[in-house]
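S.K.: Okay, here's the structure, questions in a sec.
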Amino acid sequence: MKKFLTILLTLIFLLSLIAGMGAAQKGVFATSKITLKLGAWASSPAEKKIVQNQIAAFKKLYPNVDVKITEIVGDYNQKMQLLMASKTEPDIFYMDSMPAWQYIAKGVLEPLDSWMKKYNVKTIGYESSLLQPFIYKGKVYGLPKDYNTLVLFYNKEMFKQAGLTRPPRTWQELKDYAKKLTTGKVVGLTMNLELARIQPFAYQNGGKVFDGTKPVFTDPKALEGLKFALDLFKEGICKTPKDLGAGWVGDAFADKKAAMTIEGGWMIPFLNDRKIPKDSYGIAELPAGPAGKSTMAFTVAYVMSKNSKHKPEAFKLIRFLTGEGGQKYVVEAGLALPSLKSAGVNFAKTYPERKALVDGAKYAQVYFYGLDGTKVVDVFNKAFEDYVIGKKYDLKKNIEERVKQIMK
Amino acid sequence: MRNRTKAQEYLTAFVMLLPYILSFCVFFAYPLVKAFVISFQNFSFLGDAPPKFVGLANYKEALTNKMFLDSILNTLYYSVLVVPTQLIIALILAVIVNDKVKFKEFFRTTYYLPTVTSPVAVSIIFLFLYKTDGLVNQILRHIGITPRNWFNEPSFVMPAIVSVAVWGSVGFYMVTFLSGLSTIPDQLYEAAEVEGAGELTKLIKITVPLLKPMIFFNTVVSFISTLQMFDLSYIIGGSDGGPMGKAMTMVVMIYRTAFKEFNMGVASAMAFVVFGIIFLLTLIQRKLFGEEMSY
């Protein structure tokens, strides 16, 4: 009896194992229709709508191709690398300029040159600085989806109360305005304490942070510019959203905790969502420094996975999304600037009040620092933090120390 | 005949244990061995390049990384603050709730409640409480103390996290102490009362010595769990370790190295360094409490 039971148990166990395997294999069906996966990070509903509209238009042109959006919630870069490690990444996906070279150098992205030749796509049609992060050793790995620049948002009502009639145009004005606007409850300026916001001040002072191939950590002109911005924090006329008890800059500005902020065009749909009336705030170019104007450009490209099983279709999708057909929707929505030059002209015409965003594109620096980008940003951000809330007053020495620690 | 029954018994036992053995191998033994191997390799997630053996280079990199060394100090600082505070409070609560007060069942439940709450939810609630315009600061303002940005100032962030941690886990240790208290015979207290001992004398002379095994158990468990602190620090400070990295703990550092910098080799090396530290500290505690402890 016992023996029988043992055998029975073993049999049931083995059977269930086999059944499990069978079920796992059943999932693989061959379909005649091709399904492409498009990887995107979670963003505002308005931004998602653009991609959905583009895909609907694409499907009309190519009825045999189905496109599914894989929305990645949380840390995009982290999850994308994990998807790649398990070889389940989407066929084409968003790629931020910052980490682009890290992926390219590891050889996980498909070079697009031969596809571009085959389907007649030319790099010259795109804003040239936007391509820089996606060209590695002479090969193109991504085509820019859209981009955005940093501008100065200011609260018109607070300006009126302080007797100010126009946005600040110079460093001196920025400082004076911020001082004037800082009262018990409101701070003059709010921005994130990070390289992506502080860097323009280095360039406005004629300095450099990145010289095209490698980072420049301690250019004296750049340091002087960075210091000007950091001293605004030290004087208490500029605060981080965290210091104001806000989730991000947008909240601090919408909740009237700050009169001015330096942020990108993605603020506009956010302020719309928060029901902030359009004429209660203004959008201006960043104030010029001693050496002129500068701002940051942030860009995202569509890249193709080397493991994609439908490369021709995937490239056709990239071509559509970054070409005239797809960029039309970017212009219409007005959230970000179209990366295609011909579409950029239409943007400024459609949204005159957002002209500052397009004007900045002419002199903007792309957010990109080569292969060690993440580490470079880390060095600066940590040094800024030390300088503003810590006790290390020598910014140059601090940066040098951190470079020694992190970069090898 | 006897042998055959033995063999049958073994087979039955093996089949019954198989699911556990399998899951142990797949989810525990294999990853552990693999992590140990990776700690000696230059291991990349992406691409097809095979992992390269690099000897002790990962350990060297881990032990010369200033951020990691800082995180060890931060974690020890955290442990030294949390362990005694939480055990003393837990012991006092346990003694009070044991039989001295009315509604003791109610208090037992209330003090245990935070333990079953998700640490993520707890941290988010405390983020609100400790905000610049949060409840804590508003109360402080009323009694004339300057409000602070608790989680955003380098010297305050760790003590602030400690307060959250103590609040969140004191209930667990209270319950273990309660179970220890129930094993102390009432006669001892009665005899002491006849001799004229006060409450404090009874606590020091009877309760604490008889609870020694429980105290040892709680100290070790509390120490190990504080050395592995991740959730509160990660939610409050993020993977950068909060203001000037002062909220960075060892485990957050491992997470950061593995999943932000994608440096699996160094992260695995760090994990084994942390294992070594915990192992060593537990041995020291055993020595301090004496060998005869059976826990």
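Identifiers for the structure tokens are assigned positionally: chains receive A, B, ... in sequence, residues are indexed from 1 per chain, and ligands are indexed from 1 in the order shown.
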Could you name the residues that touch Ala258 (chain B) at 12 Å or less, counting only C-alpha atoms, but leaving out those on the same chain fewer than 3 positions away, as number ranges by chain?
M.R.: A: 78, 81-82; B: 35, 38-39, 43-45, 239, 251-255, 261-271
S.K.: Hey, could you make a per-residue contact list for chain A against chain B with 8 Å as the cut-off, showing the nearest pair of atoms and its distance in Å to one decimal, counting only C-alpha atoms, sorted by chain and number, as JSON lines?
M.R.:
{"residue": "A:Lys3", "atom": "CA", "partner": "B:Gln8", "partner_atom": "CA", "distance": 6.9}
{"residue": "A:Thr6", "atom": "CA", "partner": "B:Thr12", "partner_atom": "CA", "distance": 5.8}
{"residue": "A:Leu9", "atom": "CA", "partner": "B:Val15", "partner_atom": "CA", "distance": 7.6}
{"residue": "A:Thr10", "atom": "CA", "partner": "B:Val15", "partner_atom": "CA", "distance": 6.7}
{"residue": "A:Gln78", "atom": "CA", "partner": "B:Phe259", "partner_atom": "CA", "distance": 6.2}
{"residue": "A:Gln81", "atom": "CA", "partner": "B:Leu46", "partner_atom": "CA", "distance": 7.0}
{"residue": "A:Leu82", "atom": "CA", "partner": "B:Phe45", "partner_atom": "CA", "distance": 7.6}
{"residue": "A:Met84", "atom": "CA", "partner": "B:Leu46", "partner_atom": "CA", "distance": 6.6}
{"residue": "A:Ala85", "atom": "CA", "partner": "B:Phe45", "partner_atom": "CA", "distance": 5.4}
{"residue": "A:Tyr103", "atom": "CA", "partner": "B:Leu46", "partner_atom": "CA", "distance": 7.8}
{"residue": "A:Lys106", "atom": "CA", "partner": "B:Gly47", "partner_atom": "CA", "distance": 5.5}
{"residue": "A:Gly107", "atom": "CA", "partner": "B:Gly47", "partner_atom": "CA", "distance": 5.8}
{"residue": "A:Val108", "atom": "CA", "partner": "B:Gly47", "partner_atom": "CA", "distance": 5.6}
{"residue": "A:Lys242", "atom": "CA", "partner": "B:Asn152", "partner_atom": "CA", "distance": 7.7}
{"residue": "A:Asp243", "atom": "CA", "partner": "B:Asn149", "partner_atom": "CA", "distance": 7.1}
{"residue": "A:Leu244", "atom": "CA", "partner": "B:Thr132", "partner_atom": "CA", "distance": 7.0}
{"residue": "A:Gly245", "atom": "CA", "partner": "B:Thr132", "partner_atom": "CA", "distance": 5.7}
{"residue": "A:Lys382", "atom": "CA", "partner": "B:Met244", "partner_atom": "CA", "distance": 7.1}
{"residue": "A:Glu385", "atom": "CA", "partner": "B:Met244", "partner_atom": "CA", "distance": 6.6}
{"residue": "A:Asp386", "atom": "CA", "partner": "B:Met244", "partner_atom": "CA", "distance": 6.6}
{"residue": "A:Ile389", "atom": "CA", "partner": "B:Glu153", "partner_atom": "CA", "distance": 7.8}
{"residue": "A:Gly390", "atom": "CA", "partner": "B:Met244", "partner_atom": "CA", "distance": 7.5}
{"residue": "A:Gln405", "atom": "CA", "partner": "B:Asn65", "partner_atom": "CA", "distance": 7.2}
S.K.: Find, counting only C-alpha atoms, the residue in B:Leu181, B:Val166, B:Ile235, B:Ile21 that gets nearest to Leu87 (chain B).
M.R.: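 The shortest atom-to-atom distance to Leu87 (chain B) comes from B:Val166.
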S.K.: Would you mind telling me which residue in B:Val37, B:Phe14, B:Tyr112, B:Ile284 lies nearest to Lys52 (chain B) when using only C-alpha atoms?
M.R.: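 Counting only C-alpha atoms, the residue closest to Lys52 (chain B) is B:Val37.
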S.K.: Please provide as a CSV table (one decimal) with all heavy atoms, in the first residue's frame all residues within 9 Å of region 283-296 of chain A, with the sequence filter that same-chain residues fewer than 6 positions apart are discarded (counting only C-alpha atoms).
M.R.:
chain,number,residue,atom,x,y,z
A,148,ASN,N,13.4,69.4,-26.4
A,148,ASN,CA,12.9,70.5,-25.7
A,148,ASN,C,14.0,71.4,-25.1
A,148,ASN,O,15.1,70.9,-25.0
A,148,ASN,CB,12.0,70.0,-24.5
A,148,ASN,CG,10.7,70.6,-24.5
A,148,ASN,OD1,10.5,71.8,-24.6
A,148,ASN,ND2,9.6,69.8,-24.4
A,149,THR,N,13.8,72.6,-24.8
A,149,THR,CA,14.8,73.5,-24.3
A,149,THR,C,14.4,74.1,-23.0
A,149,THR,O,13.2,74.1,-22.6
A,149,THR,CB,15.2,74.6,-25.2
A,149,THR,OG1,14.0,75.3,-25.5
A,149,THR,CG2,15.8,74.1,-26.5
A,150,LEU,N,15.4,74.6,-22.2
A,150,LEU,CA,15.1,75.2,-20.9
A,150,LEU,C,14.7,76.7,-21.2
A,150,LEU,O,15.4,77.4,-22.0
A,150,LEU,CB,16.3,75.2,-20.0
A,150,LEU,CG,16.6,73.8,-19.4
A,150,LEU,CD1,17.8,74.1,-18.4
A,150,LEU,CD2,15.5,73.2,-18.7
A,151,VAL,N,13.7,77.2,-20.5
A,151,VAL,CA,13.3,78.6,-20.6
A,151,VAL,C,13.0,79.1,-19.2
A,151,VAL,O,13.0,78.3,-18.2
A,151,VAL,CB,12.1,78.8,-21.5
A,151,VAL,CG1,12.4,78.6,-22.9
A,151,VAL,CG2,11.0,77.8,-21.1
A,152,LEU,N,12.8,80.4,-19.1
A,152,LEU,CA,12.4,80.9,-17.8
A,152,LEU,C,10.9,81.1,-17.7
A,152,LEU,O,10.3,81.9,-18.5
A,152,LEU,CB,13.1,82.3,-17.6
A,152,LEU,CG,12.9,83.0,-16.2
A,152,LEU,CD1,13.9,82.5,-15.2
A,152,LEU,CD2,12.9,84.5,-16.4
A,153,PHE,N,10.2,80.5,-16.8
A,153,PHE,CA,8.8,80.7,-16.5
A,153,PHE,C,8.7,81.7,-15.4
A,153,PHE,O,9.4,81.6,-14.4
A,153,PHE,CB,8.2,79.4,-16.1
A,153,PHE,CG,8.0,78.4,-17.2
A,153,PHE,CD1,9.0,77.6,-17.5
A,153,PHE,CD2,6.8,78.2,-17.8
A,153,PHE,CE1,8.9,76.6,-18.5
A,153,PHE,CE2,6.6,77.3,-18.8
A,153,PHE,CZ,7.7,76.5,-19.2
A,154,TYR,N,7.8,82.7,-15.6
A,154,TYR,CA,7.6,83.7,-14.5
A,154,TYR,C,6.1,84.0,-14.3
A,154,TYR,O,5.3,84.0,-15.2
A,154,TYR,CB,8.4,85.0,-14.8
A,154,TYR,CG,8.0,85.7,-16.0
A,154,TYR,CD1,7.2,86.8,-16.0
A,154,TYR,CD2,8.6,85.3,-17.2
A,154,TYR,CE1,6.8,87.5,-17.1
A,154,TYR,CE2,8.2,86.0,-18.4
A,154,TYR,CZ,7.3,87.1,-18.3
A,154,TYR,OH,7.0,87.7,-19.5
A,167,PRO,N,10.4,90.2,-18.2
A,167,PRO,CA,11.3,89.2,-17.6
A,167,PRO,C,12.7,89.7,-17.6
A,167,PRO,O,13.1,90.5,-18.4
A,167,PRO,CB,11.2,88.0,-18.6
A,167,PRO,CG,10.6,88.6,-19.8
A,167,PRO,CD,9.8,89.8,-19.5
A,168,PRO,N,13.6,89.1,-16.7
A,168,PRO,CA,15.0,89.6,-16.6
A,168,PRO,C,15.7,89.2,-17.8
A,168,PRO,O,15.5,88.1,-18.4
A,168,PRO,CB,15.5,88.8,-15.4
A,168,PRO,CG,14.6,87.6,-15.2
A,168,PRO,CD,13.3,88.1,-15.7
A,169,ARG,N,16.7,90.1,-18.3
A,169,ARG,CA,17.4,89.7,-19.5
A,169,ARG,C,18.9,89.5,-19.2
A,169,ARG,O,19.6,89.0,-20.1
A,169,ARG,CB,17.3,90.9,-20.5
A,169,ARG,CG,15.9,90.9,-21.1
A,169,ARG,CD,15.8,92.0,-22.1
A,169,ARG,NE,14.4,92.2,-22.5
A,169,ARG,CZ,13.9,93.4,-22.9
A,169,ARG,NH1,14.7,94.5,-22.9
A,169,ARG,NH2,12.6,93.5,-23.2
A,170,THR,N,19.4,90.0,-18.1
A,170,THR,CA,20.8,89.8,-17.8
A,170,THR,C,20.9,89.1,-16.4
A,170,THR,O,20.0,89.0,-15.7
A,170,THR,CB,21.5,91.1,-17.7
A,170,THR,OG1,20.9,91.9,-16.6
A,170,THR,CG2,21.4,91.9,-19.0
A,171,TRP,N,22.2,88.6,-16.1
A,171,TRP,CA,22.4,88.0,-14.8
A,171,TRP,C,22.1,88.9,-13.7
A,171,TRP,O,21.4,88.5,-12.7
A,171,TRP,CB,23.9,87.6,-14.7
A,171,TRP,CG,24.3,86.3,-15.3
A,171,TRP,CD1,23.5,85.6,-16.1
A,171,TRP,CD2,25.5,85.6,-15.2
A,171,TRP,NE1,24.1,84.4,-16.5
A,171,TRP,CE2,25.4,84.4,-15.9
A,171,TRP,CE3,26.7,85.8,-14.5
A,171,TRP,CZ2,26.4,83.5,-16.0
A,171,TRP,CZ3,27.7,84.9,-14.5
A,171,TRP,CH2,27.5,83.7,-15.3
A,172,GLN,N,22.5,90.2,-13.8
A,172,GLN,CA,22.3,91.2,-12.8
A,172,GLN,C,20.8,91.3,-12.5
A,172,GLN,O,20.3,91.3,-11.4
A,172,GLN,CB,22.9,92.5,-13.1
A,172,GLN,CG,23.0,93.5,-12.0
A,172,GLN,CD,23.8,92.9,-10.8
A,172,GLN,OE1,24.9,92.3,-10.9
A,172,GLN,NE2,23.2,92.9,-9.6
A,173,GLU,N,20.0,91.4,-13.6
A,173,GLU,CA,18.6,91.5,-13.4
A,173,GLU,C,18.0,90.3,-12.8
A,173,GLU,O,17.1,90.4,-11.9
A,173,GLU,CB,17.9,91.8,-14.8
A,173,GLU,CG,18.0,93.2,-15.3
A,173,GLU,CD,17.3,93.4,-16.6
A,173,GLU,OE1,16.7,92.5,-17.2
A,173,GLU,OE2,17.4,94.6,-17.1
A,174,LEU,N,18.5,89.1,-13.2
A,174,LEU,CA,18.0,87.9,-12.6
A,174,LEU,C,18.1,87.9,-11.1
A,174,LEU,O,17.2,87.6,-10.3
A,174,LEU,CB,18.7,86.7,-13.2
A,174,LEU,CG,18.3,85.3,-12.7
A,174,LEU,CD1,16.9,85.0,-13.1
A,174,LEU,CD2,19.2,84.2,-13.1
A,196,ALA,N,22.0,69.8,-15.2
A,196,ALA,CA,21.1,70.1,-16.3
A,196,ALA,C,20.5,71.5,-16.2
A,196,ALA,O,20.0,72.0,-17.1
A,196,ALA,CB,20.0,69.0,-16.4
A,197,ARG,N,20.4,72.0,-15.0
A,197,ARG,CA,19.9,73.4,-14.8
A,197,ARG,C,21.0,74.4,-14.6
A,197,ARG,O,20.8,75.6,-15.0
A,197,ARG,CB,18.9,73.4,-13.6
A,197,ARG,CG,17.8,72.5,-13.7
A,197,ARG,CD,16.8,72.8,-14.8
A,197,ARG,NE,15.7,71.9,-14.9
A,197,ARG,CZ,15.8,70.7,-15.5
A,197,ARG,NH1,17.0,70.3,-16.1
A,197,ARG,NH2,14.8,69.8,-15.6
A,199,GLN,N,24.2,74.2,-15.7
A,199,GLN,CA,25.2,74.3,-16.8
A,199,GLN,C,25.1,75.5,-17.7
A,199,GLN,O,26.1,76.1,-18.0
A,199,GLN,CB,25.2,73.0,-17.6
A,199,GLN,CG,26.2,73.0,-18.7
A,199,GLN,CD,26.0,72.0,-19.8
A,199,GLN,OE1,25.9,70.8,-19.5
A,199,GLN,NE2,26.0,72.4,-21.0
A,200,PRO,N,23.9,75.9,-18.1
A,200,PRO,CA,23.8,77.1,-18.9
A,200,PRO,C,24.6,78.3,-18.4
A,200,PRO,O,25.1,79.0,-19.2
A,200,PRO,CB,22.3,77.4,-19.0
A,200,PRO,CG,21.6,76.1,-18.7
A,200,PRO,CD,22.5,75.3,-17.8
A,201,PHE,N,24.6,78.4,-17.1
A,201,PHE,CA,25.4,79.6,-16.5
A,201,PHE,C,26.8,79.5,-16.9
A,201,PHE,O,27.5,80.5,-17.0
A,201,PHE,CB,25.2,79.6,-15.0
A,201,PHE,CG,23.8,80.0,-14.6
A,201,PHE,CD1,22.8,79.0,-14.4
A,201,PHE,CD2,23.4,81.3,-14.5
A,201,PHE,CE1,21.5,79.3,-14.1
A,201,PHE,CE2,22.1,81.7,-14.1
A,201,PHE,CZ,21.1,80.7,-13.9
A,202,ALA,N,27.4,78.3,-17.0
A,202,ALA,CA,28.8,78.1,-17.4
A,202,ALA,C,29.0,78.6,-18.8
A,202,ALA,O,30.0,79.4,-19.0
A,202,ALA,CB,29.2,76.7,-17.2
A,203,TYR,N,28.1,78.3,-19.6
A,203,TYR,CA,28.2,78.7,-21.1
A,203,TYR,C,27.9,80.2,-21.2
A,203,TYR,O,28.5,80.8,-22.0
A,203,TYR,CB,27.3,77.8,-22.0
A,203,TYR,CG,27.9,76.4,-22.2
A,203,TYR,CD1,27.8,75.4,-21.2
A,203,TYR,CD2,28.7,76.2,-23.3
A,203,TYR,CE1,28.3,74.2,-21.4
A,203,TYR,CE2,29.2,74.9,-23.5
A,203,TYR,CZ,29.1,73.9,-22.6
A,203,TYR,OH,29.6,72.7,-22.7
A,204,GLN,N,27.0,80.7,-20.4
A,204,GLN,CA,26.7,82.1,-20.5
A,204,GLN,C,27.9,82.9,-20.1
A,204,GLN,O,28.0,84.1,-20.3
A,204,GLN,CB,25.5,82.4,-19.6
A,204,GLN,CG,24.1,81.9,-20.2
A,204,GLN,CD,23.1,81.8,-19.1
A,204,GLN,OE1,23.3,82.1,-17.9
A,204,GLN,NE2,22.0,81.2,-19.5
A,205,ASN,N,28.8,82.3,-19.3
A,205,ASN,CA,30.0,83.0,-18.9
A,205,ASN,C,31.2,82.7,-19.9
A,205,ASN,O,32.3,83.1,-19.6
A,205,ASN,CB,30.4,82.6,-17.5
A,205,ASN,CG,31.3,83.5,-16.8
A,205,ASN,OD1,31.1,84.7,-17.0
A,205,ASN,ND2,32.3,83.0,-16.1
A,206,GLY,N,30.9,82.0,-21.0
A,206,GLY,CA,32.0,81.7,-21.9
A,206,GLY,C,32.8,80.5,-21.6
A,206,GLY,O,33.8,80.2,-22.1
A,207,GLY,N,32.3,79.7,-20.6
A,207,GLY,CA,33.0,78.5,-20.2
A,207,GLY,C,32.4,77.3,-20.9
A,207,GLY,O,31.5,77.3,-21.7
A,225,GLY,N,30.9,80.8,-13.7
A,225,GLY,CA,29.5,80.8,-14.1
A,225,GLY,C,28.6,79.9,-13.2
A,225,GLY,O,27.6,80.3,-12.7
A,262,ILE,N,13.3,77.9,-13.8
A,262,ILE,CA,14.0,77.5,-15.0
A,262,ILE,C,13.7,76.0,-15.3
A,262,ILE,O,14.1,75.1,-14.6
A,262,ILE,CB,15.5,77.7,-14.9
A,262,ILE,CG1,15.8,79.2,-14.9
A,262,ILE,CG2,16.3,77.1,-16.1
A,262,ILE,CD1,17.2,79.6,-14.7
A,264,GLY,N,11.9,73.1,-18.6
A,264,GLY,CA,11.7,72.9,-20.0
A,264,GLY,C,10.2,73.0,-20.4
A,264,GLY,O,9.3,73.3,-19.6
A,353,GLU,N,3.4,82.2,-28.5
A,353,GLU,CA,3.8,82.5,-27.1
A,353,GLU,C,4.9,81.6,-26.6
A,353,GLU,O,5.5,81.8,-25.6
A,353,GLU,CB,2.6,82.5,-26.2
A,353,GLU,CG,2.0,81.1,-25.8
A,353,GLU,CD,1.1,80.5,-26.9
A,353,GLU,OE1,1.1,81.0,-28.0
A,353,GLU,OE2,0.5,79.4,-26.6
A,354,ARG,N,5.1,80.5,-27.3
A,354,ARG,CA,6.2,79.6,-26.9
A,354,ARG,C,7.5,79.8,-27.8
A,354,ARG,O,8.3,78.9,-27.8
A,354,ARG,CB,5.7,78.1,-27.1
A,354,ARG,CG,4.5,77.9,-26.2
A,354,ARG,CD,3.9,76.5,-26.4
A,354,ARG,NE,2.6,76.4,-25.8
A,354,ARG,CZ,1.8,75.3,-25.8
A,354,ARG,NH1,2.3,74.2,-26.4
A,354,ARG,NH2,0.6,75.3,-25.3
A,355,LYS,N,7.6,80.9,-28.3
A,355,LYS,CA,8.7,81.2,-29.2
A,355,LYS,C,10.0,81.0,-28.5
A,355,LYS,O,11.0,80.5,-29.2
A,355,LYS,CB,8.6,82.6,-29.8
A,355,LYS,CG,9.4,82.9,-31.0
A,355,LYS,CD,8.9,84.3,-31.6
A,355,LYS,CE,10.1,84.9,-32.4
A,355,LYS,NZ,11.2,85.4,-31.6
A,356,ALA,N,10.1,81.4,-27.3
A,356,ALA,CA,11.4,81.3,-26.5
A,356,ALA,C,12.0,79.9,-26.6
A,356,ALA,O,13.2,79.7,-26.7
A,356,ALA,CB,11.1,81.7,-25.1
A,357,LEU,N,11.1,78.9,-26.6
A,357,LEU,CA,11.6,77.5,-26.7
A,357,LEU,C,12.4,77.2,-28.0
A,357,LEU,O,13.4,76.6,-28.0
A,357,LEU,CB,10.4,76.5,-26.6
A,357,LEU,CG,9.8,76.3,-25.2
A,357,LEU,CD1,8.4,75.7,-25.4
A,357,LEU,CD2,10.6,75.6,-24.3
A,359,ASP,N,13.6,79.7,-30.0
A,359,ASP,CA,14.7,80.6,-30.1
A,359,ASP,C,15.9,80.0,-29.4
A,359,ASP,O,17.1,80.1,-29.9
A,359,ASP,CB,14.4,81.9,-29.5
A,359,ASP,CG,13.4,82.7,-30.4
A,359,ASP,OD1,13.3,82.3,-31.5
A,359,ASP,OD2,12.8,83.6,-29.9
A,360,GLY,N,15.7,79.3,-28.3
A,360,GLY,CA,16.8,78.7,-27.5
A,360,GLY,C,17.5,77.7,-28.3
A,360,GLY,O,18.7,77.4,-28.1
A,361,ALA,N,16.8,77.0,-29.2
A,361,ALA,CA,17.4,75.9,-29.9
A,361,ALA,C,18.6,76.3,-30.7
A,361,ALA,O,19.6,75.5,-30.9
A,361,ALA,CB,16.4,75.3,-30.8
A,363,TYR,N,21.1,78.3,-29.8
A,363,TYR,CA,22.3,78.3,-29.1
A,363,TYR,C,22.4,77.3,-27.9
A,363,TYR,O,23.2,77.4,-27.0
A,363,TYR,CB,22.6,79.8,-28.5
A,363,TYR,CG,21.4,80.3,-27.8
A,363,TYR,CD1,21.1,80.0,-26.5
A,363,TYR,CD2,20.5,81.2,-28.4
A,363,TYR,CE1,20.0,80.5,-25.8
A,363,TYR,CE2,19.4,81.7,-27.8
A,363,TYR,CZ,19.1,81.3,-26.4
A,363,TYR,OH,18.1,81.8,-25.8
A,364,ALA,N,21.5,76.3,-28.0
A,364,ALA,CA,21.5,75.4,-26.8
A,364,ALA,C,22.6,74.3,-26.9
A,364,ALA,O,23.1,74.0,-27.9
A,364,ALA,CB,20.1,74.6,-26.9
A,365,GLN,N,22.9,73.8,-25.7
A,365,GLN,CA,23.9,72.7,-25.6
A,365,GLN,C,23.0,71.5,-25.4
A,365,GLN,O,22.2,71.5,-24.5
A,365,GLN,CB,24.8,72.9,-24.4
A,365,GLN,CG,25.6,74.2,-24.5
A,365,GLN,CD,26.6,74.2,-25.6
A,365,GLN,OE1,27.2,73.1,-25.9
A,365,GLN,NE2,26.9,75.4,-26.1
A,366,VAL,N,23.4,70.4,-26.1
A,366,VAL,CA,22.6,69.2,-25.9
A,366,VAL,C,23.1,68.5,-24.6
A,366,VAL,O,24.2,68.5,-24.2
A,366,VAL,CB,22.8,68.2,-27.1
A,366,VAL,CG1,22.8,66.8,-26.7
A,366,VAL,CG2,21.7,68.5,-28.1
A,367,TYR,N,22.1,67.9,-23.9
A,367,TYR,CA,22.4,67.3,-22.6
A,367,TYR,C,23.1,65.9,-22.9
A,367,TYR,O,22.5,64.9,-23.1
A,367,TYR,CB,21.1,67.0,-21.8
A,367,TYR,CG,21.2,66.5,-20.5
A,367,TYR,CD1,22.1,67.1,-19.5
A,367,TYR,CD2,20.5,65.4,-20.0
A,367,TYR,CE1,22.2,66.6,-18.2
A,367,TYR,CE2,20.6,64.9,-18.8
A,367,TYR,CZ,21.4,65.5,-17.9
A,367,TYR,OH,21.5,65.0,-16.6
S.K.: Please provide the set of residues having any atom within 9 Å of Asp279 (chain A), restricted to only C-alpha atoms, with same-chain residues fewer than 3 positions apart removed, written as a PyMOL selection string.
M.R.: chain A and resi 156+276+282
S.K.: Please, which residues of region 48-251 of chain A, numbered as in this document, come out strand (DSSP E or B) from DSSP, as a ChimeraX atom specification?
M.R.: /A:65-72,92-96,109,126,135-136,139-140,142-155,170,187-190,210,215,238-239
S.K.: Residues within 12 Å of Phe107 (chain B), please, as a PyMOL selection string. Count only C-alpha atoms; anything in the same chain fewer than 6 positions from it doesn't count.
M.R.: chain B and resi 93-94+96-101+113+171+174-175
S.K.: Contacts of Ala252 (chain A) at 12 Å or less, counting only C-alpha atoms, minus same-chain residues fewer than 6 places along, as a ChimeraX atom specification?
M.R.: /A:153,155,185-192,238-246,258-263,267,271,274
S.K.: State, in Å with one decimal place, the distance from CA of Lys287 (chain B) to CA of Tyr59 (chain B).
M.R.: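 Atom-to-atom, CA of Lys287 (chain B) and CA of Tyr59 (chain B) are spaced 28.2 Å apart.
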S.K.: Pick out the residues sitting within 10 Å of region 210-226 of chain B, and hand them over as a PyMOL selection string; count only C-alpha atoms, and ignore anything fewer than 2 positions along from it in its own chain.
M.R.: chain B and resi 75-76+78-84+86-88+91+162+165+169-170+172-174+176-181+183-184+203-208+228-230+249+277-279+281-283+285-286+288-290+292-295
S.K.: My list of candidates is B:Val26, B:Leu32, B:Ile139, B:Ala62. Which is closest to Val273 (chain B) when distances are computed with only C-alpha atoms?
M.R.: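 Smallest separation from Val273 (chain B) among the options: B:Ala62.
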S.K.: Please report the interatomic distance between CA of Thr322 (chain A) and CA of Lys145 (chain A) in Å with one decimal.
M.R.: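 Separation between CA of Thr322 (chain A) and CA of Lys145 (chain A): 5.6 Å.
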